[in-house]
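Structure, as structure tokens:
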Amino acid sequence: MGDDDKKQFNIYLPEKLIRAVKIASIDSRRSLSAYVEAALRQQLVIDAKAKQAGEEWAAKYAGEDAP
């Protein structure tokens with residue numbers, strides 16, 4: 001399955017968050033799906049960078065070479 005293949009899945013979010021995301025997607029002139037996809041991809045990048053920074057810090061603290 002390629003990266004462009006789309007699948008649907010259900011998640012449960014607070015109603016106020018859903019409303020805010022819908023408004024933000026309209027304001028950004030993107031579909032709700034495109035807006036949420038971009039937000040999730042951005043968060044994955046942030047998490048990966050934080051994990052790498054934590055691993056580098058831990059290696060430095062332990063006196064080891066960073067991965």
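Ordered as shown in the structure tokens, chains take letters A, B, and onward, while each chain numbers its residues from 1 and ligands are numbered from 1 in the order shown.
Taking only C-alpha atoms, the non-local environment of stretch 14-22 of chain A within 8 Å (same-chain residues fewer than 2 positions away omitted) comprises A:Tyr12, A:Ala24, A:Ser25, A:Ile26, A:Leu32, A:Val36.
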>> Quick check for you: according to DSSP on this backbone, which residues of chain A are classed as alpha helix (DSSP H)? Reply as a PyMOL selection string.
In response: chain A and resi 15-27+32-62
I need the chosen residues saved as a short mmCIF file (atom, residue, chain, number, x, y, z; two decimals), in the first residue's frame, with N, CA and C atoms.
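What landed in result38.cif:
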```cif
data_model
loop_
_atom_site.label_atom_id
_atom_site.label_comp_id
_atom_site.auth_asym_id
_atom_site.auth_seq_id
_atom_site.Cartn_x
_atom_site.Cartn_y
_atom_site.Cartn_z
N GLU A 15 -15.50 17.36 22.21
CA GLU A 15 -16.31 18.10 21.24
C GLU A 15 -15.71 19.47 20.92
N LYS A 16 -15.20 20.16 21.93
CA LYS A 16 -14.60 21.49 21.69
C LYS A 16 -13.37 21.40 20.81
N LEU A 17 -12.58 20.34 20.97
CA LEU A 17 -11.41 20.16 20.12
C LEU A 17 -11.83 19.89 18.68
N ILE A 18 -12.85 19.06 18.50
CA ILE A 18 -13.35 18.77 17.15
C ILE A 18 -13.80 20.05 16.47
N ARG A 19 -14.54 20.86 17.19
CA ARG A 19 -15.03 22.12 16.63
C ARG A 19 -13.85 23.03 16.25
N ALA A 20 -12.87 23.13 17.12
CA ALA A 20 -11.71 23.98 16.85
C ALA A 20 -10.93 23.49 15.63
N VAL A 21 -10.78 22.19 15.50
CA VAL A 21 -10.05 21.62 14.35
C VAL A 21 -10.82 21.86 13.06
N LYS A 22 -12.13 21.70 13.11
CA LYS A 22 -12.94 21.97 11.91
C LYS A 22 -12.81 23.42 11.48
N ILE A 23 -12.87 24.34 12.43
CA ILE A 23 -12.73 25.76 12.11
C ILE A 23 -11.34 26.06 11.57
N ALA A 24 -10.32 25.49 12.20
CA ALA A 24 -8.94 25.71 11.74
C ALA A 24 -8.74 25.17 10.32
N SER A 25 -9.34 24.03 10.01
CA SER A 25 -9.18 23.48 8.66
C SER A 25 -9.86 24.38 7.63
N ILE A 26 -11.00 24.93 7.98
CA ILE A 26 -11.67 25.87 7.08
C ILE A 26 -10.82 27.12 6.89
N ASP A 27 -10.31 27.66 8.00
CA ASP A 27 -9.47 28.86 7.93
C ASP A 27 -8.22 28.63 7.08
N LEU A 32 -10.70 18.74 6.13
CA LEU A 32 -10.48 18.29 7.51
C LEU A 32 -9.44 17.16 7.52
N SER A 33 -9.54 16.24 6.58
CA SER A 33 -8.59 15.14 6.52
C SER A 33 -7.17 15.64 6.27
N ALA A 34 -7.02 16.57 5.34
CA ALA A 34 -5.69 17.10 5.04
C ALA A 34 -5.12 17.85 6.24
N TYR A 35 -5.96 18.60 6.93
CA TYR A 35 -5.51 19.36 8.09
C TYR A 35 -5.04 18.43 9.19
N VAL A 36 -5.84 17.42 9.51
CA VAL A 36 -5.49 16.47 10.57
C VAL A 36 -4.26 15.67 10.18
N GLU A 37 -4.16 15.26 8.92
CA GLU A 37 -2.98 14.52 8.46
C GLU A 37 -1.72 15.35 8.66
N ALA A 38 -1.77 16.63 8.28
CA ALA A 38 -0.60 17.50 8.44
C ALA A 38 -0.24 17.66 9.91
N ALA A 39 -1.24 17.82 10.76
CA ALA A 39 -0.99 17.97 12.20
C ALA A 39 -0.36 16.71 12.78
N LEU A 40 -0.85 15.56 12.38
CA LEU A 40 -0.30 14.30 12.89
C LEU A 40 1.13 14.09 12.40
N ARG A 41 1.38 14.38 11.13
CA ARG A 41 2.74 14.24 10.60
C ARG A 41 3.71 15.19 11.32
N GLN A 42 3.26 16.42 11.56
CA GLN A 42 4.10 17.39 12.28
C GLN A 42 4.40 16.90 13.68
N GLN A 43 3.42 16.34 14.37
CA GLN A 43 3.65 15.85 15.73
C GLN A 43 4.61 14.66 15.73
N LEU A 44 4.52 13.80 14.72
CA LEU A 44 5.45 12.68 14.63
C LEU A 44 6.89 13.17 14.47
N VAL A 45 7.09 14.22 13.68
CA VAL A 45 8.44 14.79 13.51
C VAL A 45 8.92 15.36 14.83
N ILE A 46 8.06 16.10 15.53
CA ILE A 46 8.42 16.68 16.83
C ILE A 46 8.80 15.57 17.81
N ASP A 47 7.99 14.53 17.87
CA ASP A 47 8.28 13.42 18.79
C ASP A 47 9.59 12.73 18.45
N ALA A 48 9.85 12.53 17.16
CA ALA A 48 11.09 11.87 16.75
C ALA A 48 12.31 12.72 17.12
N LYS A 49 12.21 14.03 16.91
CA LYS A 49 13.32 14.92 17.27
C LYS A 49 13.54 14.95 18.77
N ALA A 50 12.45 14.96 19.54
CA ALA A 50 12.57 14.96 21.00
C ALA A 50 13.20 13.66 21.48
N LYS A 51 12.80 12.56 20.88
CA LYS A 51 13.38 11.26 21.26
C LYS A 51 14.87 11.23 20.95
N GLN A 52 15.23 11.72 19.76
CA GLN A 52 16.65 11.74 19.39
C GLN A 52 17.44 12.63 20.33
N ALA A 53 16.90 13.79 20.64
CA ALA A 53 17.59 14.71 21.55
C ALA A 53 17.75 14.07 22.93
N GLY A 54 16.72 13.36 23.38
CA GLY A 54 16.80 12.69 24.67
C GLY A 54 17.85 11.59 24.66
N GLU A 55 17.91 10.83 23.58
CA GLU A 55 18.91 9.77 23.46
C GLU A 55 20.32 10.36 23.42
N GLU A 56 20.48 11.47 22.70
CA GLU A 56 21.79 12.10 22.63
C GLU A 56 22.20 12.64 23.99
N TRP A 57 21.25 13.24 24.71
CA TRP A 57 21.54 13.75 26.04
C TRP A 57 21.91 12.61 26.98
N ALA A 58 21.14 11.52 26.91
CA ALA A 58 21.41 10.38 27.80
C ALA A 58 22.79 9.79 27.51
N ALA A 59 23.14 9.69 26.24
CA ALA A 59 24.46 9.15 25.87
C ALA A 59 25.57 10.08 26.37
N LYS A 60 25.36 11.38 26.23
CA LYS A 60 26.36 12.34 26.69
C LYS A 60 26.49 12.27 28.21
N TYR A 61 25.36 12.18 28.90
CA TYR A 61 25.37 12.11 30.36
C TYR A 61 26.05 10.85 30.84
N ALA A 62 25.86 9.76 30.09
CA ALA A 62 26.45 8.49 30.47
C ALA A 62 27.90 8.38 30.00
#
```
